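structure_32.txt follows (compact mmCIF, C-alpha atoms):
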# COMPACT_ATOMS: atom_id res chain seq x y z
CA MET C 1 35.94 -33.07 31.76
CA LYS C 2 32.51 -31.79 30.92
CA TYR C 3 32.98 -31.74 27.15
CA PHE C 4 33.87 -35.42 26.93
CA PHE C 5 30.87 -36.18 29.15
CA LEU C 6 28.65 -34.24 26.75
CA LEU C 7 30.07 -36.08 23.73
CA LEU C 8 29.52 -39.48 25.33
CA THR C 9 26.00 -38.54 26.43
CA LEU C 10 24.98 -37.40 22.96
CA THR C 11 26.67 -40.06 20.83
CA THR C 12 26.59 -43.34 22.76
CA GLY C 13 24.36 -45.36 25.02
CA LEU C 14 21.08 -43.65 24.14
CA PRO C 15 17.90 -45.69 24.61
CA PHE C 16 15.94 -46.10 21.39
CA ALA C 17 13.04 -43.87 22.50
CA ALA C 18 15.42 -41.01 23.23
CA ALA C 19 17.27 -41.56 19.95
CA GLN C 20 14.08 -40.99 17.97
CA GLN C 21 14.00 -37.41 19.21
CA LEU C 22 17.28 -36.76 17.38
CA SER C 23 15.75 -37.40 13.93
CA VAL C 24 14.69 -33.75 13.58
CA PRO C 25 17.39 -31.05 13.37
CA ALA C 26 17.34 -28.48 16.17
CA LYS C 27 15.76 -25.09 15.49
CA GLY C 28 18.05 -22.89 13.44
CA THR C 29 19.98 -25.84 11.99
CA LYS C 30 19.70 -28.07 8.93
CA ARG C 31 20.83 -31.64 8.32
CA ALA C 32 23.64 -31.98 5.79
CA VAL C 33 23.98 -35.38 4.10
CA THR C 34 27.13 -36.92 2.65
CA TYR C 35 26.36 -39.46 -0.06
CA ASP C 36 28.66 -42.11 -1.57
CA SER C 37 28.20 -42.49 -5.33
CA LYS C 38 30.01 -45.87 -5.37
CA SER C 39 27.67 -47.60 -2.92
CA GLN C 40 24.66 -45.36 -3.68
CA MET C 41 24.22 -44.98 0.09
CA PRO C 42 23.96 -42.03 2.46
CA VAL C 43 27.15 -42.14 4.55
CA VAL C 44 26.84 -39.59 7.33
CA THR C 45 24.67 -36.69 8.45
CA VAL C 46 25.63 -33.66 10.52
CA ASP C 47 23.52 -30.76 11.79
CA ILE C 48 24.92 -27.32 10.91
CA PRO C 49 23.58 -23.74 11.16
CA ALA C 50 20.79 -23.21 8.63
CA SER C 51 22.57 -20.39 6.78
CA TRP C 52 25.82 -22.32 6.22
CA ASN C 53 27.12 -23.90 3.04
CA PHE C 54 28.25 -27.52 2.97
CA LYS C 55 30.79 -29.55 0.96
CA SER C 56 31.73 -33.22 1.39
CA ASN C 57 33.46 -36.08 -0.34
CA VAL C 58 33.97 -39.83 0.09
CA ARG C 59 37.44 -40.99 -0.94
CA TRP C 60 38.12 -44.63 -1.85
CA ASP C 61 41.85 -45.34 -1.54
CA TYR C 62 42.24 -48.53 -3.55
CA ASN C 63 46.01 -48.68 -3.03
CA ASN C 64 45.74 -48.97 0.75
CA CYS C 65 42.22 -50.48 0.83
CA VAL C 66 40.68 -47.79 3.04
CA THR C 67 37.84 -45.28 2.69
CA SER C 68 37.68 -41.85 4.26
CA VAL C 69 35.13 -39.06 4.53
CA GLU C 70 35.86 -35.35 4.53
CA MET C 71 33.36 -32.59 5.23
CA LYS C 72 33.43 -28.80 5.37
CA ALA C 73 30.65 -26.43 6.42
CA TRP C 74 30.99 -22.67 6.63
CA ASP C 75 29.13 -19.41 6.99
CA PRO C 76 29.42 -17.32 3.78
CA GLY C 77 29.66 -14.27 6.05
CA GLY C 78 32.78 -15.63 7.71
CA THR C 79 31.44 -16.04 11.25
CA GLY C 80 32.39 -19.71 11.59
CA SER C 81 33.40 -22.95 9.89
CA TYR C 82 33.48 -26.67 10.67
CA GLN C 83 35.70 -29.28 9.04
CA VAL C 84 36.28 -33.03 9.25
CA VAL C 85 39.76 -33.98 8.05
CA PRO C 86 40.16 -37.44 6.44
CA GLN C 87 41.64 -39.96 8.89
CA PHE C 88 45.37 -40.41 8.32
CA PHE C 89 47.87 -43.07 9.39
CA LEU C 90 51.53 -43.20 10.37
CA THR C 91 53.59 -46.40 10.41
CA MET C 92 56.64 -46.37 12.70
CA PRO C 93 59.15 -48.84 14.21
CA ALA C 94 57.73 -51.08 16.93
CA ASN C 95 59.84 -49.44 19.64
CA THR C 96 58.31 -45.98 19.04
CA PRO C 97 56.34 -44.53 22.01
CA PRO C 98 52.55 -44.27 21.57
CA MET C 99 50.97 -41.07 20.25
CA THR C 100 49.91 -39.27 23.44
CA SER C 101 48.13 -35.92 23.54
CA GLU C 102 51.32 -34.26 24.84
CA ARG C 103 53.39 -35.72 22.00
CA PHE C 104 50.75 -34.83 19.40
CA ILE C 105 50.65 -31.19 20.52
CA ALA C 106 54.43 -30.87 20.78
CA GLU C 107 55.34 -32.64 17.51
CA MET C 108 52.43 -31.80 15.23
CA VAL C 109 49.99 -29.19 16.53
CA THR C 110 52.37 -26.49 17.77
CA PRO C 111 54.68 -26.53 14.69
CA MET C 112 51.66 -26.48 12.35
CA TYR C 113 50.03 -23.42 13.94
CA GLN C 114 53.31 -21.56 14.48
CA LYS C 115 53.98 -21.78 10.75
CA ILE C 116 50.77 -19.78 10.31
CA ASP C 117 51.35 -17.46 13.27
CA PRO C 118 54.51 -17.60 15.43
CA GLY C 119 52.42 -16.15 18.27
CA ALA C 120 49.74 -18.87 18.15
CA THR C 121 48.75 -19.92 21.68
CA ILE C 122 46.87 -22.96 23.03
CA VAL C 123 44.19 -21.53 25.33
CA TYR C 124 42.25 -24.69 26.19
CA LYS C 125 43.23 -28.35 26.46
CA GLU C 126 41.48 -31.46 27.77
CA SER C 127 42.30 -35.12 27.16
CA GLN C 128 41.01 -38.54 28.16
CA ILE C 129 42.30 -42.07 27.58
CA THR C 130 39.46 -44.40 26.62
CA PRO C 131 38.64 -47.08 29.25
CA ALA C 132 39.22 -49.94 26.79
CA SER C 133 42.83 -48.89 26.11
CA THR C 134 45.66 -51.39 26.69
CA LEU C 135 49.44 -51.28 26.29
CA GLN C 136 49.03 -52.77 22.79
CA ASN C 137 46.01 -50.75 21.68
CA ARG C 138 45.76 -47.25 23.13
CA THR C 139 43.26 -44.52 22.24
CA GLU C 140 43.31 -41.01 23.65
CA ASN C 141 40.77 -38.30 22.87
CA LEU C 142 41.90 -34.68 22.89
CA ILE C 143 40.07 -31.35 22.70
CA PHE C 144 42.08 -28.15 22.41
CA ALA C 145 41.65 -24.54 21.26
CA VAL C 146 44.23 -22.25 19.67
CA ASN C 147 44.20 -18.46 19.38
CA LEU C 148 46.04 -17.16 16.31
CA THR C 149 46.16 -14.46 13.68
CA LYS C 150 45.61 -15.54 10.09
CA ASP C 151 45.52 -13.21 7.07
CA GLY C 152 45.53 -10.26 9.46
CA ALA C 153 42.45 -11.41 11.41
CA LYS C 154 42.29 -12.91 14.91
CA LEU C 155 40.52 -16.23 15.24
CA THR C 156 40.15 -19.25 17.49
CA GLU C 157 40.23 -22.82 16.22
CA ALA C 158 38.91 -25.66 18.38
CA VAL C 159 39.92 -29.24 17.50
CA PHE C 160 38.71 -32.67 18.58
CA ALA C 161 41.32 -35.38 17.85
CA GLU C 162 41.23 -39.14 18.34
CA LEU C 163 44.74 -40.60 18.65
CA THR C 164 45.05 -44.39 18.36
CA SER C 165 48.32 -46.35 18.72
CA VAL C 166 48.32 -50.07 17.85
CA TYR C 167 51.42 -52.22 18.35
CA ASP C 168 52.21 -55.12 16.05
CA PRO C 169 55.38 -57.23 16.57
CA ASN C 170 56.88 -55.52 13.52
CA PHE C 171 55.63 -51.92 13.68
CA LEU C 172 53.52 -49.26 15.41
CA LEU C 173 50.45 -48.00 13.58
CA ILE C 174 49.14 -44.57 14.57
CA SER C 175 45.78 -43.34 13.31
CA ILE C 176 44.63 -39.74 13.78
CA SER C 177 41.10 -38.41 13.22
CA MET C 178 40.34 -34.71 13.56
CA SER C 179 37.35 -32.36 13.45
CA SER C 180 37.71 -28.60 13.88
CA TYR C 181 35.63 -25.48 14.38
CA GLY C 182 36.93 -21.95 13.79
CA GLU C 183 35.49 -18.49 14.36
CA PRO C 184 36.75 -14.88 14.59
CA THR C 185 36.95 -14.73 18.38
CA THR C 186 39.48 -15.18 21.17
CA ASP C 187 37.14 -17.19 23.40
CA GLY C 188 38.53 -20.73 23.39
CA LYS C 189 35.76 -22.26 25.52
CA SER C 190 33.04 -20.80 23.28
CA ALA C 191 34.68 -22.33 20.21
CA VAL C 192 35.01 -25.69 21.98
CA GLU C 193 31.32 -25.68 22.94
CA LYS C 194 30.28 -25.03 19.33
CA LEU C 195 32.63 -27.73 18.06
CA VAL C 196 31.19 -30.27 20.49
CA LYS C 197 27.62 -29.38 19.52
CA ILE C 198 28.21 -29.97 15.80
CA TYR C 199 30.44 -33.01 16.32
CA ALA C 200 27.87 -34.68 18.59
CA SER C 201 25.18 -34.36 15.90
CA THR C 202 27.20 -36.51 13.46
CA LYS C 203 25.60 -39.88 12.65
CA TYR C 204 27.13 -42.53 10.38
CA ASN C 205 25.15 -45.13 8.46
CA GLY C 206 26.13 -48.52 9.90
CA GLU C 207 25.21 -50.32 6.69
CA TRP C 208 27.66 -48.16 4.74
CA ILE C 209 30.41 -48.83 7.31
CA LYS C 210 29.83 -52.56 6.82
CA TYR C 211 29.73 -52.18 3.02
CA GLN C 212 33.01 -50.27 2.73
CA SER C 213 34.73 -52.67 5.12
CA GLU C 214 33.65 -55.69 3.05
CA VAL C 215 34.67 -54.05 -0.24
CA ASN C 216 38.08 -53.08 1.11
CA GLY C 217 38.48 -56.59 2.51
CA ILE C 218 37.98 -58.07 -0.96
CA LEU C 219 40.46 -55.60 -2.47
CA LEU C 220 43.00 -56.47 0.22
CA SER C 221 42.61 -60.20 -0.49
CA GLN C 222 43.17 -59.61 -4.21
CA LYS C 223 46.22 -57.49 -3.47
CA ARG C 224 47.72 -60.22 -1.29
CA ALA C 225 47.06 -62.83 -3.97
CA HIS C 226 48.72 -60.87 -6.80
CA GLY C 227 51.17 -58.51 -5.10
CA ASN C 228 54.81 -58.92 -4.20
CA ALA C 229 54.79 -60.31 -0.65
CA GLU C 230 58.09 -58.72 0.38
CA THR C 231 57.33 -55.18 -0.78
CA SER C 232 53.65 -55.11 0.20
CA LYS C 233 53.80 -56.91 3.59
CA MET C 234 53.80 -53.73 5.69
CA ILE C 235 51.04 -52.07 3.67
CA ASN C 236 48.93 -55.23 3.79
CA GLU C 237 49.26 -55.55 7.58
CA THR C 238 48.40 -51.87 8.03
CA ALA C 239 45.42 -52.05 5.69
CA GLU C 240 44.13 -55.20 7.38
CA TYR C 241 44.21 -53.50 10.77
CA ILE C 242 42.38 -50.45 9.40
CA ARG C 243 39.74 -52.55 7.69
CA GLN C 244 39.22 -54.82 10.69
CA SER C 245 39.09 -51.98 13.19
CA ARG C 246 36.35 -50.25 11.23
CA LEU C 247 34.39 -53.49 10.93
CA ASP C 248 34.79 -54.05 14.69
CA THR C 249 33.43 -50.57 15.29
CA TYR C 250 30.36 -51.54 13.30
CA ARG C 251 29.88 -54.85 15.10
CA ASN C 252 30.40 -53.39 18.57
CA ASN C 253 28.00 -50.52 18.05
CA GLN C 254 24.80 -52.29 17.10
CA GLU C 255 22.61 -49.79 18.93
CA SER C 256 24.15 -46.89 17.06
CA ARG C 257 23.70 -48.69 13.74
CA ASP C 258 20.01 -49.34 14.43
CA ARG C 259 19.49 -45.72 15.38
CA VAL C 260 21.13 -44.48 12.17
CA ASN C 261 19.23 -46.96 10.02
CA ARG C 262 15.91 -45.82 11.50
CA TYR C 263 16.83 -42.21 10.82
CA ILE C 264 17.70 -43.01 7.19
CA HIS C 265 14.45 -44.97 6.76
CA GLU C 266 12.42 -42.03 8.10
CA ASN C 267 14.30 -39.37 6.16
CA ILE C 268 15.27 -41.04 2.89
CA GLN C 269 13.10 -38.48 1.06
CA GLN C 270 15.81 -35.94 1.88
CA ILE C 271 17.94 -37.44 -0.92
CA ASN C 272 17.63 -36.03 -4.45
CA THR C 273 19.34 -37.59 -7.48
CA VAL C 274 21.16 -35.13 -9.76
CA SER C 275 23.58 -35.44 -12.68
CA ASP C 276 27.24 -34.56 -12.23
CA PRO C 277 27.81 -31.81 -14.89
CA TYR C 278 31.27 -33.20 -15.65
CA THR C 279 30.57 -36.92 -15.96
CA GLY C 280 26.79 -37.19 -16.27
CA SER C 281 26.74 -39.81 -13.52
CA LYS C 282 23.87 -39.85 -11.03
CA VAL C 283 24.65 -38.65 -7.51
CA GLY C 284 22.39 -38.48 -4.45
CA VAL C 285 22.43 -35.12 -2.65
CA SER C 286 20.37 -33.48 0.09
CA ASN C 287 17.13 -31.86 -1.04
CA GLU C 288 17.38 -29.22 1.69
CA TYR C 289 19.47 -27.04 -0.64
CA ASN C 290 18.26 -25.38 -3.85
CA ASN C 291 21.67 -25.05 -5.49
CA THR C 292 24.27 -27.77 -6.11
CA TRP C 293 27.72 -27.34 -7.68
CA PHE C 294 30.28 -29.98 -8.76
CA ASN C 295 33.99 -29.85 -9.53
CA SER C 296 36.02 -32.17 -11.76
CA ASN C 297 37.21 -34.18 -8.73
CA GLY C 298 33.69 -35.51 -8.14
CA GLU C 299 33.17 -33.28 -5.09
CA TYR C 300 29.95 -31.35 -4.69
CA LEU C 301 28.94 -28.27 -2.74
CA GLN C 302 25.43 -27.12 -1.81
CA SER C 303 24.01 -23.74 -0.88
CA GLY C 304 20.58 -22.40 0.02
CA SER C 305 21.31 -19.05 -1.64
CA SER C 306 20.85 -18.54 -5.39
CA LEU C 307 23.33 -15.63 -5.19
CA TYR C 308 26.19 -17.80 -3.92
CA ASN C 309 28.83 -18.78 -6.49
CA PRO C 310 31.72 -21.01 -5.29
CA ASN C 311 33.86 -19.78 -8.19
CA GLN C 312 33.91 -16.42 -6.40
CA ASP C 313 34.51 -17.90 -2.92
CA LYS C 314 38.20 -17.79 -1.95
CA ALA C 315 37.68 -20.75 0.40
CA VAL C 316 36.97 -23.16 -2.48
CA ASN C 317 37.70 -21.43 -5.82
CA ASN C 318 41.06 -23.16 -6.33
CA VAL C 319 39.07 -25.42 -8.69
CA GLU C 320 36.28 -24.76 -11.18
CA TRP C 321 32.68 -25.42 -10.10
CA ARG C 322 29.73 -26.14 -12.40
CA LYS C 323 26.14 -25.73 -11.29
CA VAL C 324 23.59 -28.53 -11.64
CA LYS C 325 20.83 -27.45 -14.03
Please go through the file and, once you have read it, give me the structure as structure tokens.
Amino acid sequence: MKYFFLLLTLTTGLPFAAAQQLSVPAKGTKRAVTYDSKSQMPVVTVDIPASWNFKSNVRWDYNNCVTSVEMKAWDPGGTGSYQVVPQFFLTMPANTPPMTSERFIAEMVTPMYQKIDPGATIVYKESQITPASTLQNRTENLIFAVNLTKDGAKLTEAVFAELTSVYDPNFLLISISMSSYGEPTTDGKSAVEKLVKIYASTKYNGEWIKYQSEVNGILLSQKRAHGNAETSKMINETAEYIRQSRLDTYRNNQESRDRVNRYIHENIQQINTVSDPYTGSKVGVSNEYNNTWFNSNGEYLQSGSSLYNPNQDKAVNNVEWRKVK
């Protein structure tokens, strides 16, 4: 299981001296920053190829008292793309089996890809149950690669998924987090290696994790105080688990938080403040890009090329984009 070993080596347990070496992006890459306009904090950084474009968004779900981050990076020439899908949750009866890698592939992955291409084939698969898992709280990590044909072109998509099943006396909560890398190739292992490299460079700001957990905790308390207890009980219990689990992640990963905070302190000059062309509100963005575009949903996209226009890019032109002046 060499890929899981690489992920653990790069993302956990690093001594502070070694962590300092990670503050500079590797040659040929650039550091993309996702910024949260609500908290006015940098949220997460990820190192991507220097020629790629980057788009990200922080979503505050006030109904369920959770916050999620989505990111997309891609080569304008079509040689590769990386995406982080917002974490999603399923609530099921308490007697439902846990979400294992085998069940996830059979019930969700295979049907999804076969809708795109009936001949889609899984060419690589590796899974690992985390050591801290119990019968009541089980987490399994999965890496897989799929060969398929999409829009007449052959490609491989590699996916890293974290599958967590938590049993409450009244229900089973399943949370699924996914990151993917795709490229026009049929080499599953090559795609997996590139996915792992980008994924392992991701660093979250521990202070932002704490902030969003506290804000969502306040919202949850208000909802319990004013909502209908019978109709909101299940949602409240689910939201409380989500909020608490993210806060526990922060508390149990002090070393990671310190490493991220030091990086932000050393690199805060990478943030520029610009005005959203739609709302006029101030938003912090990376200063490593010369061109920034916004859409009416509050999402922004950055590019290093003055010739790039997202309104002409089929990957994102389902909405209108306005350039920051």
With a distance cut-off of 8 Å and only C-alpha atoms, select the neighbouring residues of Val44 of chain C, excluding the residue or stretch itself and same-chain residues fewer than 5 positions from it, and output the selection as a CSV table (one decimal) with C-alpha atoms, keeping the file's coordinate frame.
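To be explicit, this is the file written out as selection02.csv:
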chain,number,residue,atom,x,y,z
C,33,VAL,CA,24.0,-35.4,4.1
C,34,THR,CA,27.1,-36.9,2.6
C,35,TYR,CA,26.4,-39.5,-0.1
C,202,THR,CA,27.2,-36.5,13.5
C,203,LYS,CA,25.6,-39.9,12.6
C,204,TYR,CA,27.1,-42.5,10.4
C,205,ASN,CA,25.2,-45.1,8.5
Calculate, to one decimal in Å, the centre and edge lengths of the box along x, y and z of the file that holds all listed atoms of segment 88-93 of chain C with 4 Å of margin on each side, and present them as AutoDock Vina command-line options.
--center_x 52.3 --center_y -44.6 --center_z 11.3 --size_x 21.8 --size_y 16.4 --size_z 13.9
_Please list as a ChimeraX atom specification every residue within 8 Å of Thr100 of chain C, counting only C-alpha atoms and excluding residues in the same chain fewer than 3 positions away._
/C:103-104,140,163
*Taking all atoms listed in the file into account, which of C:Val319, C:Leu301, C:Ala200, C:Met41 comes nearest Asn57 of chain C?*
C:Leu301
_Separation of atom CA of Phe88 of chain C from atom CA of Arg31 of chain C, in Å and rounded to one decimal_ = 26.1 Å
*For atom CA of Val285 of chain C and atom CA of Ala32 of chain C, determine how far apart the two atoms are, in Å to one decimal place.*
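Atom CA of Ala32 of chain C lies at a distance of 9.1 Å from atom CA of Val285 of chain C.
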*Dig up all the protein and nucleic acid residues within 7 Å of (41.0, -28.3, 28.9) in the file frame, using only C-alpha atoms, and format them as a PyMOL selection string.*
chain C and resi 124-126+143-144
_Considering only C-alpha atoms, can you say which of C:Asn170, C:Thr139, C:Ser133, C:Ser221 comes closest to Thr96 of chain C?_
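Checking each candidate against Thr96 of chain C, we get C:Asn170 as the closest.
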*Interatomic distance between atom CA of Met99 of chain C and atom CA of Gln212 of chain C?*
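The value is 26.7 Å.
For the set C:Asn137, C:Gln40, C:Val109, C:Thr45, the residue with the smallest atom-to-atom gap to Val283 of chain C is C:Gln40, counting all atoms listed in the file.
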